[in-house]
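Participant: Sharing a structure with you now.
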Amino acid sequence: AAYIGYEGAFAGMADIFGHALNLTSPDKYVFISHSVPAGVSHITFNNLLFYGADWKEPLGGKNMGKTSALVDIRGGQSITVMNCELRGGGEYGIYFDGYSQALRFMNNHMLDMGAGGIRGGDRIPVTNLGRGNVISHNKLHELGRVFANEGKGIWLEGVSGNDVHHNEVYHATYVGIFTSSRPVCPYQTANNIEKNHVYQVLRELNDGGAIYTAGNVAGTIINNNLVHDIVTTPLH
């Protein structure tokens with residue numbers, strides 16, 4: 001997998017444009033990391049194909065929370081993933097942590113994931129919640145192929161001030177779009193979820209919704225989304 005960043009500091013500008021990335025089934029292909037307060041910044045991934053990764057089996061069984069992804073961003077600033085296809089991932093397509101800000105995920109196609117499409121945040125309390133990230137015009141489907149309870153299209157946990165709009169989410173085992181505060185942290189999380197198209201989700205689990213909120217999400221805006229074909233499944 002490609003590793004960008006190192007302990008200490010790294011900041012630069014790069015445009016990565018190409019065709020396909022495939023290695024011998026790692027659990028991720030691009031890992032962007034930092035050491036606080038330094039950050040990795042100003043990188044664009046454009047028109048790439050990421051495919052065929054594995055998953056990691058955590059202690060406690062396969063139903064634990066997943067944070068591994070084909071593109072894994074931790075502490076990134078002003079990073080863009082656009083016009084890419086991500087498929088066959090063992091866990092998530094894209095993950096970013098609570099330190100990441102000003103990210104752009106636009107016009108990507110994610111499918112056939114072991115867990116979900118895009119996950120932001122984590123259960124570790126941080127003071128600078130990930131803000132100013134935009135998730136727009138993505139198509140996400142065939143999610144939860146290995147971990148049904150992680151089959152979410154877009155999941156924001158404990159991050160605030162982010163925009164999720166004009167995405168299409170369908171054929172997911174669990175929730176279409178999920179925003180929540182952290183159960184171990186009192187921070188309020190408020191995100192904008194607008195003009196998304198969500199259908200045929202909750203295909204294996206019922207305890208959720210097409211667009212689902214949990215915890216302290218006062219200030220969250222859910223507006224002008226199109227939701228249809230959500231049915232109760234006998235599998236749960």
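Chain labels run A, B, ... following the order of the structure tokens; each chain numbers its residues from 1, and ligands are numbered from 1 in the order shown.
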Could you please write out, as a JSON list (two decimals) with all heavy atoms, in the first residue's frame, every residue of segment 81-153 of chain A that DSSP assigns to strand (DSSP E)?

Facilitator:
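Final file, out13.json:
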[["chain", "number", "residue", "atom", "x", "y", "z"],
["A", 81, "VAL", "N", -10.52, 13.20, -3.14],
["A", 81, "VAL", "CA", -10.66, 11.95, -3.89],
["A", 81, "VAL", "C", -11.84, 12.16, -4.83],
["A", 81, "VAL", "O", -12.98, 12.35, -4.36],
["A", 81, "VAL", "CB", -10.90, 10.74, -2.98],
["A", 81, "VAL", "CG1", -11.03, 9.46, -3.80],
["A", 81, "VAL", "CG2", -9.78, 10.59, -1.95],
["A", 82, "MET", "N", -11.59, 12.14, -6.14],
["A", 82, "MET", "CA", -12.65, 12.48, -7.09],
["A", 82, "MET", "C", -12.58, 11.61, -8.33],
["A", 82, "MET", "O", -11.51, 11.16, -8.74],
["A", 82, "MET", "CB", -12.55, 13.96, -7.48],
["A", 82, "MET", "CG", -11.26, 14.36, -8.15],
["A", 82, "MET", "SD", -11.10, 16.14, -8.45],
["A", 82, "MET", "CE", -12.46, 16.40, -9.59],
["A", 85, "GLU", "N", -13.14, 4.97, -8.81],
["A", 85, "GLU", "CA", -13.96, 3.80, -8.51],
["A", 85, "GLU", "C", -13.25, 2.99, -7.44],
["A", 85, "GLU", "O", -12.06, 2.69, -7.55],
["A", 85, "GLU", "CB", -14.18, 2.95, -9.75],
["A", 85, "GLU", "CG", -15.04, 1.71, -9.47],
["A", 85, "GLU", "CD", -15.44, 0.96, -10.72],
["A", 85, "GLU", "OE1", -15.87, 1.61, -11.70],
["A", 85, "GLU", "OE2", -15.31, -0.29, -10.71],
["A", 86, "LEU", "N", -14.00, 2.65, -6.39],
["A", 86, "LEU", "CA", -13.48, 1.83, -5.29],
["A", 86, "LEU", "C", -14.40, 0.63, -5.15],
["A", 86, "LEU", "O", -15.59, 0.78, -4.87],
["A", 86, "LEU", "CB", -13.44, 2.63, -3.99],
["A", 86, "LEU", "CG", -12.59, 3.91, -4.00],
["A", 86, "LEU", "CD1", -13.47, 5.12, -4.35],
["A", 86, "LEU", "CD2", -11.94, 4.15, -2.65],
["A", 87, "ARG", "N", -13.86, -0.58, -5.32],
["A", 87, "ARG", "CA", -14.71, -1.76, -5.26],
["A", 87, "ARG", "C", -13.95, -2.96, -4.71],
["A", 87, "ARG", "O", -12.72, -3.02, -4.76],
["A", 87, "ARG", "CB", -15.29, -2.09, -6.64],
["A", 87, "ARG", "CG", -14.28, -2.33, -7.74],
["A", 87, "ARG", "CD", -15.01, -2.68, -9.03],
["A", 87, "ARG", "NE", -14.15, -2.66, -10.20],
["A", 87, "ARG", "CZ", -13.42, -3.69, -10.61],
["A", 87, "ARG", "NH1", -13.44, -4.82, -9.92],
["A", 87, "ARG", "NH2", -12.68, -3.59, -11.69],
["A", 92, "TYR", "N", -14.20, -0.65, 4.49],
["A", 92, "TYR", "CA", -14.79, 0.56, 3.92],
["A", 92, "TYR", "C", -14.06, 0.99, 2.66],
["A", 92, "TYR", "O", -12.91, 0.61, 2.42],
["A", 92, "TYR", "CB", -14.77, 1.70, 4.94],
["A", 92, "TYR", "CG", -15.92, 1.63, 5.92],
["A", 92, "TYR", "CD1", -15.82, 0.84, 7.07],
["A", 92, "TYR", "CD2", -17.11, 2.30, 5.70],
["A", 92, "TYR", "CE1", -16.88, 0.74, 7.97],
["A", 92, "TYR", "CE2", -18.18, 2.22, 6.59],
["A", 92, "TYR", "CZ", -18.06, 1.44, 7.71],
["A", 92, "TYR", "OH", -19.11, 1.35, 8.58],
["A", 93, "GLY", "N", -14.74, 1.84, 1.88],
["A", 93, "GLY", "CA", -14.09, 2.43, 0.72],
["A", 93, "GLY", "C", -13.15, 3.54, 1.14],
["A", 93, "GLY", "O", -11.97, 3.56, 0.77],
["A", 94, "ILE", "N", -13.67, 4.49, 1.94],
["A", 94, "ILE", "CA", -12.88, 5.62, 2.43],
["A", 94, "ILE", "C", -13.13, 5.78, 3.92],
["A", 94, "ILE", "O", -14.26, 5.69, 4.39],
["A", 94, "ILE", "CB", -13.26, 6.93, 1.71],
["A", 94, "ILE", "CG1", -12.89, 6.86, 0.22],
["A", 94, "ILE", "CG2", -12.57, 8.13, 2.35],
["A", 94, "ILE", "CD1", -13.36, 8.07, -0.58],
["A", 95, "TYR", "N", -12.06, 6.04, 4.68],
["A", 95, "TYR", "CA", -12.16, 6.36, 6.10],
["A", 95, "TYR", "C", -11.35, 7.62, 6.38],
["A", 95, "TYR", "O", -10.24, 7.78, 5.86],
["A", 95, "TYR", "CB", -11.64, 5.22, 6.98],
["A", 95, "TYR", "CG", -11.52, 5.63, 8.44],
["A", 95, "TYR", "CD1", -12.65, 5.67, 9.25],
["A", 95, "TYR", "CD2", -10.30, 6.00, 8.99],
["A", 95, "TYR", "CE1", -12.56, 6.06, 10.58],
["A", 95, "TYR", "CE2", -10.20, 6.39, 10.32],
["A", 95, "TYR", "CZ", -11.33, 6.43, 11.11],
["A", 95, "TYR", "OH", -11.24, 6.83, 12.41],
["A", 96, "PHE", "N", -11.91, 8.54, 7.20],
["A", 96, "PHE", "CA", -11.12, 9.66, 7.69],
["A", 96, "PHE", "C", -11.41, 9.85, 9.18],
["A", 96, "PHE", "O", -12.51, 9.61, 9.65],
["A", 96, "PHE", "CB", -11.40, 10.94, 6.91],
["A", 96, "PHE", "CG", -12.80, 11.48, 7.01],
["A", 96, "PHE", "CD1", -13.14, 12.44, 7.97],
["A", 96, "PHE", "CD2", -13.79, 11.05, 6.13],
["A", 96, "PHE", "CE1", -14.43, 12.94, 8.05],
["A", 96, "PHE", "CE2", -15.09, 11.55, 6.21],
["A", 96, "PHE", "CZ", -15.41, 12.51, 7.17],
["A", 104, "ARG", "N", -12.42, 16.47, 0.39],
["A", 104, "ARG", "CA", -13.43, 16.47, -0.65],
["A", 104, "ARG", "C", -13.51, 15.08, -1.26],
["A", 104, "ARG", "O", -12.52, 14.58, -1.80],
["A", 104, "ARG", "CB", -13.09, 17.49, -1.75],
["A", 104, "ARG", "CG", -12.98, 18.93, -1.27],
["A", 104, "ARG", "CD", -14.35, 19.49, -0.91],
["A", 104, "ARG", "NE", -14.26, 20.90, -0.50],
["A", 104, "ARG", "CZ", -14.10, 21.31, 0.75],
["A", 104, "ARG", "NH1", -13.98, 20.42, 1.73],
["A", 104, "ARG", "NH2", -14.05, 22.59, 1.05],
["A", 105, "PHE", "N", -14.69, 14.46, -1.17],
["A", 105, "PHE", "CA", -14.94, 13.16, -1.81],
["A", 105, "PHE", "C", -16.08, 13.39, -2.80],
["A", 105, "PHE", "O", -17.24, 13.51, -2.39],
["A", 105, "PHE", "CB", -15.30, 12.11, -0.77],
["A", 105, "PHE", "CG", -14.30, 11.98, 0.35],
["A", 105, "PHE", "CD1", -14.70, 12.07, 1.67],
["A", 105, "PHE", "CD2", -12.96, 11.79, 0.08],
["A", 105, "PHE", "CE1", -13.79, 11.97, 2.71],
["A", 105, "PHE", "CE2", -12.03, 11.68, 1.10],
["A", 105, "PHE", "CZ", -12.45, 11.78, 2.42],
["A", 106, "MET", "N", -15.77, 13.43, -4.07],
["A", 106, "MET", "CA", -16.75, 13.88, -5.06],
["A", 106, "MET", "C", -16.76, 12.97, -6.29],
["A", 106, "MET", "O", -15.71, 12.59, -6.82],
["A", 106, "MET", "CB", -16.41, 15.31, -5.50],
["A", 106, "MET", "CG", -16.33, 16.32, -4.36],
["A", 106, "MET", "SD", -15.93, 18.01, -4.91],
["A", 106, "MET", "CE", -14.33, 17.75, -5.64],
["A", 109, "HIS", "N", -17.47, 6.26, -7.33],
["A", 109, "HIS", "CA", -18.35, 5.10, -7.41],
["A", 109, "HIS", "C", -17.77, 4.03, -6.48],
["A", 109, "HIS", "O", -16.64, 3.56, -6.69],
["A", 109, "HIS", "CB", -18.41, 4.59, -8.85],
["A", 109, "HIS", "CG", -19.38, 3.47, -9.05],
["A", 109, "HIS", "ND1", -19.39, 2.68, -10.18],
["A", 109, "HIS", "CD2", -20.39, 2.98, -8.26],
["A", 109, "HIS", "CE1", -20.34, 1.78, -10.08],
["A", 109, "HIS", "NE2", -20.96, 1.93, -8.92],
["A", 110, "MET", "N", -18.53, 3.63, -5.45],
["A", 110, "MET", "CA", -18.08, 2.63, -4.48],
["A", 110, "MET", "C", -19.07, 1.49, -4.45],
["A", 110, "MET", "O", -20.27, 1.71, -4.28],
["A", 110, "MET", "CB", -17.94, 3.24, -3.08],
["A", 110, "MET", "CG", -17.01, 4.42, -3.05],
["A", 110, "MET", "SD", -16.80, 5.10, -1.39],
["A", 110, "MET", "CE", -16.23, 6.74, -1.81],
["A", 111, "LEU", "N", -18.56, 0.28, -4.57],
["A", 111, "LEU", "CA", -19.45, -0.88, -4.60],
["A", 111, "LEU", "C", -18.73, -2.13, -4.12],
["A", 111, "LEU", "O", -17.50, -2.19, -4.10],
["A", 111, "LEU", "CB", -19.98, -1.11, -6.01],
["A", 111, "LEU", "CG", -19.00, -1.58, -7.09],
["A", 111, "LEU", "CD1", -19.76, -2.29, -8.21],
["A", 111, "LEU", "CD2", -18.21, -0.41, -7.67],
["A", 112, "ASP", "N", -19.53, -3.12, -3.74],
["A", 112, "ASP", "CA", -19.03, -4.44, -3.36],
["A", 112, "ASP", "C", -18.06, -4.34, -2.19],
["A", 112, "ASP", "O", -16.93, -4.82, -2.25],
["A", 112, "ASP", "CB", -18.38, -5.12, -4.56],
["A", 112, "ASP", "CG", -18.16, -6.61, -4.32],
["A", 112, "ASP", "OD1", -18.89, -7.19, -3.51],
["A", 112, "ASP", "OD2", -17.24, -7.18, -4.95],
["A", 113, "MET", "N", -18.51, -3.71, -1.09],
["A", 113, "MET", "CA", -17.67, -3.52, 0.09],
["A", 113, "MET", "C", -18.02, -4.50, 1.19],
["A", 113, "MET", "O", -19.20, -4.79, 1.43],
["A", 113, "MET", "CB", -17.84, -2.09, 0.62],
["A", 113, "MET", "CG", -17.32, -1.02, -0.32],
["A", 113, "MET", "SD", -15.52, -1.13, -0.52],
["A", 113, "MET", "CE", -15.28, 0.01, -1.88],
["A", 118, "ILE", "N", -18.33, 5.19, 2.98],
["A", 118, "ILE", "CA", -17.48, 6.23, 3.54],
["A", 118, "ILE", "C", -17.76, 6.32, 5.04],
["A", 118, "ILE", "O", -18.91, 6.45, 5.46],
["A", 118, "ILE", "CB", -17.75, 7.59, 2.88],
["A", 118, "ILE", "CG1", -17.46, 7.53, 1.38],
["A", 118, "ILE", "CG2", -16.90, 8.69, 3.54],
["A", 118, "ILE", "CD1", -17.85, 8.78, 0.63],
["A", 119, "ARG", "N", -16.69, 6.29, 5.84],
["A", 119, "ARG", "CA", -16.84, 6.47, 7.28],
["A", 119, "ARG", "C", -15.95, 7.61, 7.75],
["A", 119, "ARG", "O", -14.77, 7.67, 7.40],
["A", 119, "ARG", "CB", -16.48, 5.20, 8.04],
["A", 119, "ARG", "CG", -16.60, 5.40, 9.56],
["A", 119, "ARG", "CD", -16.35, 4.15, 10.37],
["A", 119, "ARG", "NE", -16.47, 4.45, 11.79],
["A", 119, "ARG", "CZ", -16.27, 3.59, 12.77],
["A", 119, "ARG", "NH1", -15.93, 2.34, 12.48],
["A", 119, "ARG", "NH2", -16.38, 3.95, 14.03],
["A", 120, "GLY", "N", -16.52, 8.53, 8.54],
["A", 120, "GLY", "CA", -15.75, 9.63, 9.10],
["A", 120, "GLY", "C", -15.87, 9.66, 10.60],
["A", 120, "GLY", "O", -16.95, 9.47, 11.16],
["A", 121, "GLY", "N", -14.75, 9.89, 11.29],
["A", 121, "GLY", "CA", -14.73, 9.95, 12.75],
["A", 121, "GLY", "C", -14.40, 8.61, 13.36],
["A", 121, "GLY", "O", -14.11, 7.63, 12.69],
["A", 134, "VAL", "N", -16.53, 17.61, 2.63],
["A", 134, "VAL", "CA", -17.65, 17.55, 1.69],
["A", 134, "VAL", "C", -17.71, 16.16, 1.05],
["A", 134, "VAL", "O", -16.70, 15.69, 0.51],
["A", 134, "VAL", "CB", -17.54, 18.63, 0.60],
["A", 134, "VAL", "CG1", -18.66, 18.48, -0.42],
["A", 134, "VAL", "CG2", -17.54, 20.02, 1.21],
["A", 135, "ILE", "N", -18.87, 15.53, 1.13],
["A", 135, "ILE", "CA", -19.12, 14.23, 0.49],
["A", 135, "ILE", "C", -20.27, 14.44, -0.47],
["A", 135, "ILE", "O", -21.41, 14.62, -0.05],
["A", 135, "ILE", "CB", -19.47, 13.16, 1.55],
["A", 135, "ILE", "CG1", -18.34, 13.03, 2.58],
["A", 135, "ILE", "CG2", -19.75, 11.82, 0.89],
["A", 135, "ILE", "CD1", -18.70, 12.16, 3.77],
["A", 136, "SER", "N", -19.98, 14.45, -1.77],
["A", 136, "SER", "CA", -21.03, 14.82, -2.71],
["A", 136, "SER", "C", -20.94, 14.05, -4.02],
["A", 136, "SER", "O", -19.84, 13.67, -4.46],
["A", 136, "SER", "CB", -20.97, 16.32, -3.01],
["A", 136, "SER", "OG", -19.84, 16.65, -3.78],
["A", 139, "LYS", "N", -21.82, 7.59, -5.78],
["A", 139, "LYS", "CA", -22.75, 6.46, -5.88],
["A", 139, "LYS", "C", -22.17, 5.32, -5.04],
["A", 139, "LYS", "O", -21.03, 4.90, -5.26],
["A", 139, "LYS", "CB", -22.93, 6.02, -7.33],
["A", 139, "LYS", "CG", -23.86, 4.82, -7.48],
["A", 139, "LYS", "CD", -24.00, 4.37, -8.93],
["A", 139, "LYS", "CE", -24.82, 5.36, -9.73],
["A", 139, "LYS", "NZ", -25.13, 4.83, -11.09],
["A", 140, "LEU", "N", -22.97, 4.83, -4.08],
["A", 140, "LEU", "CA", -22.51, 3.80, -3.15],
["A", 140, "LEU", "C", -23.54, 2.68, -3.09],
["A", 140, "LEU", "O", -24.71, 2.93, -2.77],
["A", 140, "LEU", "CB", -22.29, 4.40, -1.75],
["A", 140, "LEU", "CG", -21.45, 5.68, -1.68],
["A", 140, "LEU", "CD1", -22.37, 6.89, -1.53],
["A", 140, "LEU", "CD2", -20.46, 5.65, -0.54],
["A", 141, "HIS", "N", -23.12, 1.45, -3.35],
["A", 141, "HIS", "CA", -24.08, 0.33, -3.35],
["A", 141, "HIS", "C", -23.37, -1.00, -3.17],
["A", 141, "HIS", "O", -22.15, -1.08, -3.22],
["A", 141, "HIS", "CB", -24.91, 0.34, -4.63],
["A", 141, "HIS", "CG", -24.13, 0.21, -5.90],
["A", 141, "HIS", "ND1", -24.04, -0.98, -6.59],
["A", 141, "HIS", "CD2", -23.40, 1.10, -6.61],
["A", 141, "HIS", "CE1", -23.30, -0.81, -7.68],
["A", 141, "HIS", "NE2", -22.90, 0.45, -7.71],
["A", 142, "GLU", "N", -24.16, -2.03, -2.93],
["A", 142, "GLU", "CA", -23.67, -3.40, -2.63],
["A", 142, "GLU", "C", -22.73, -3.33, -1.43],
["A", 142, "GLU", "O", -21.54, -3.65, -1.51],
["A", 142, "GLU", "CB", -22.97, -4.03, -3.84],
["A", 142, "GLU", "CG", -23.69, -3.86, -5.17],
["A", 142, "GLU", "CD", -25.18, -4.19, -5.13],
["A", 142, "GLU", "OE1", -25.57, -5.15, -4.44],
["A", 142, "GLU", "OE2", -25.95, -3.46, -5.79],
["A", 143, "LEU", "N", -23.28, -2.91, -0.29],
["A", 143, "LEU", "CA", -22.50, -2.67, 0.93],
["A", 143, "LEU", "C", -22.89, -3.66, 2.02],
["A", 143, "LEU", "O", -24.03, -4.09, 2.11],
["A", 143, "LEU", "CB", -22.74, -1.24, 1.42],
["A", 143, "LEU", "CG", -22.54, -0.15, 0.37],
["A", 143, "LEU", "CD1", -22.99, 1.21, 0.93],
["A", 143, "LEU", "CD2", -21.10, -0.10, -0.11]]

Participant: Need to verify the contact set: Asp122 of chain A, 7 Å, only C-alpha atoms, exclusion of same-chain residues closer than 3 positions in sequence. Can you return it as a PyMOL selection string?

Facilitator: chain A and resi 97-98+157-158

Participant: Only C-alpha atoms, please: the residues just picked out, written as a PDB file, in the first residue's frame.

Facilitator:
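The result, stored in out_30.pdb:
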ATOM      1  CA  ASP A  97     -10.545  10.363  11.374  1.00  0.00           C
ATOM      2  CA  GLY A  98     -11.616  13.196  13.677  1.00  0.00           C
ATOM      3  CA  GLU A 157     -19.489   9.682  13.984  1.00  0.00           C
ATOM      4  CA  GLY A 158     -18.369  12.499  16.246  1.00  0.00           C
TER       5      GLY A 158
END

Participant: With only C-alpha atoms as the atoms that count, which of A:Ser78, A:Ser100, A:Asn108, A:Thr189 lies nearest to Asn47 of chain A?

Facilitator: A:Asn108

Participant: Which residue gives the smallest distance to His42 of chain A among A:Ser181, A:Asn206, A:Gln101, A:Asn149, with only C-alpha atoms counted?

Facilitator: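 Of the candidates, the smallest distance to His42 of chain A is held by A:Gln101.
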
Participant: What lies within 9 Å of Thr233 of chain A using only C-alpha atoms, ignoring chain neighbours under 4 positions off, as a list in words?

Facilitator: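 My list of contacting residues is Leu202, Arg203, Glu204, Leu205 and Asn206 of chain A.
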
Participant: Once you have the residues from the selection above, write them out as a PDB file, in the first residue's frame, restricted to N, CA and C atoms.

Facilitator:
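What ended up in again-v6.pdb:
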ATOM      1  N   LEU A 202     -31.273  -1.155   4.526  1.00  0.00           N
ATOM      2  CA  LEU A 202     -31.827  -1.989   5.606  1.00  0.00           C
ATOM      3  C   LEU A 202     -32.263  -3.345   5.055  1.00  0.00           C
ATOM      4  N   ARG A 203     -31.453  -3.910   4.203  1.00  0.00           N
ATOM      5  CA  ARG A 203     -31.836  -5.162   3.546  1.00  0.00           C
ATOM      6  C   ARG A 203     -31.653  -6.382   4.439  1.00  0.00           C
ATOM      7  N   GLU A 204     -30.866  -6.234   5.543  1.00  0.00           N
ATOM      8  CA  GLU A 204     -30.718  -7.346   6.468  1.00  0.00           C
ATOM      9  C   GLU A 204     -31.001  -6.959   7.915  1.00  0.00           C
ATOM     10  N   LEU A 205     -30.858  -5.688   8.262  1.00  0.00           N
ATOM     11  CA  LEU A 205     -31.062  -5.231   9.635  1.00  0.00           C
ATOM     12  C   LEU A 205     -32.140  -4.156   9.658  1.00  0.00           C
ATOM     13  N   ASN A 206     -32.967  -4.160  10.713  1.00  0.00           N
ATOM     14  CA  ASN A 206     -34.098  -3.241  10.791  1.00  0.00           C
ATOM     15  C   ASN A 206     -33.892  -2.081  11.754  1.00  0.00           C
TER      16      ASN A 206
END

Participant: Between A:Gly88, A:Gly219, A:Gly76, A:Gly208, which has the minimum distance to Ile43 of chain A (counting only C-alpha atoms)?

Facilitator: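 Using only C-alpha atoms, the shortest distance to Ile43 of chain A belongs to A:Gly76.
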
Participant: So, counting only C-alpha atoms, which residue among A:Asp72, A:Asp229, A:Asp207, A:Glu194 is closest to His171 of chain A?

Facilitator: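 Checking each candidate against His171 of chain A, we get A:Asp229 as the closest.
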
Participant: May I ask which of the residues A:Arg131, A:Gly90, A:Gly215, A:Ser160 is the closest one to Gly52 of chain A, counting only C-alpha atoms?

Facilitator: A:Gly90

Participant: With only C-alpha atoms as the atoms that count, which of A:Val231, A:Ala53, A:Ala115, A:Ile32 lies nearest to Gln77 of chain A?

Facilitator: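 Smallest separation from Gln77 of chain A among the options: A:Ile32.
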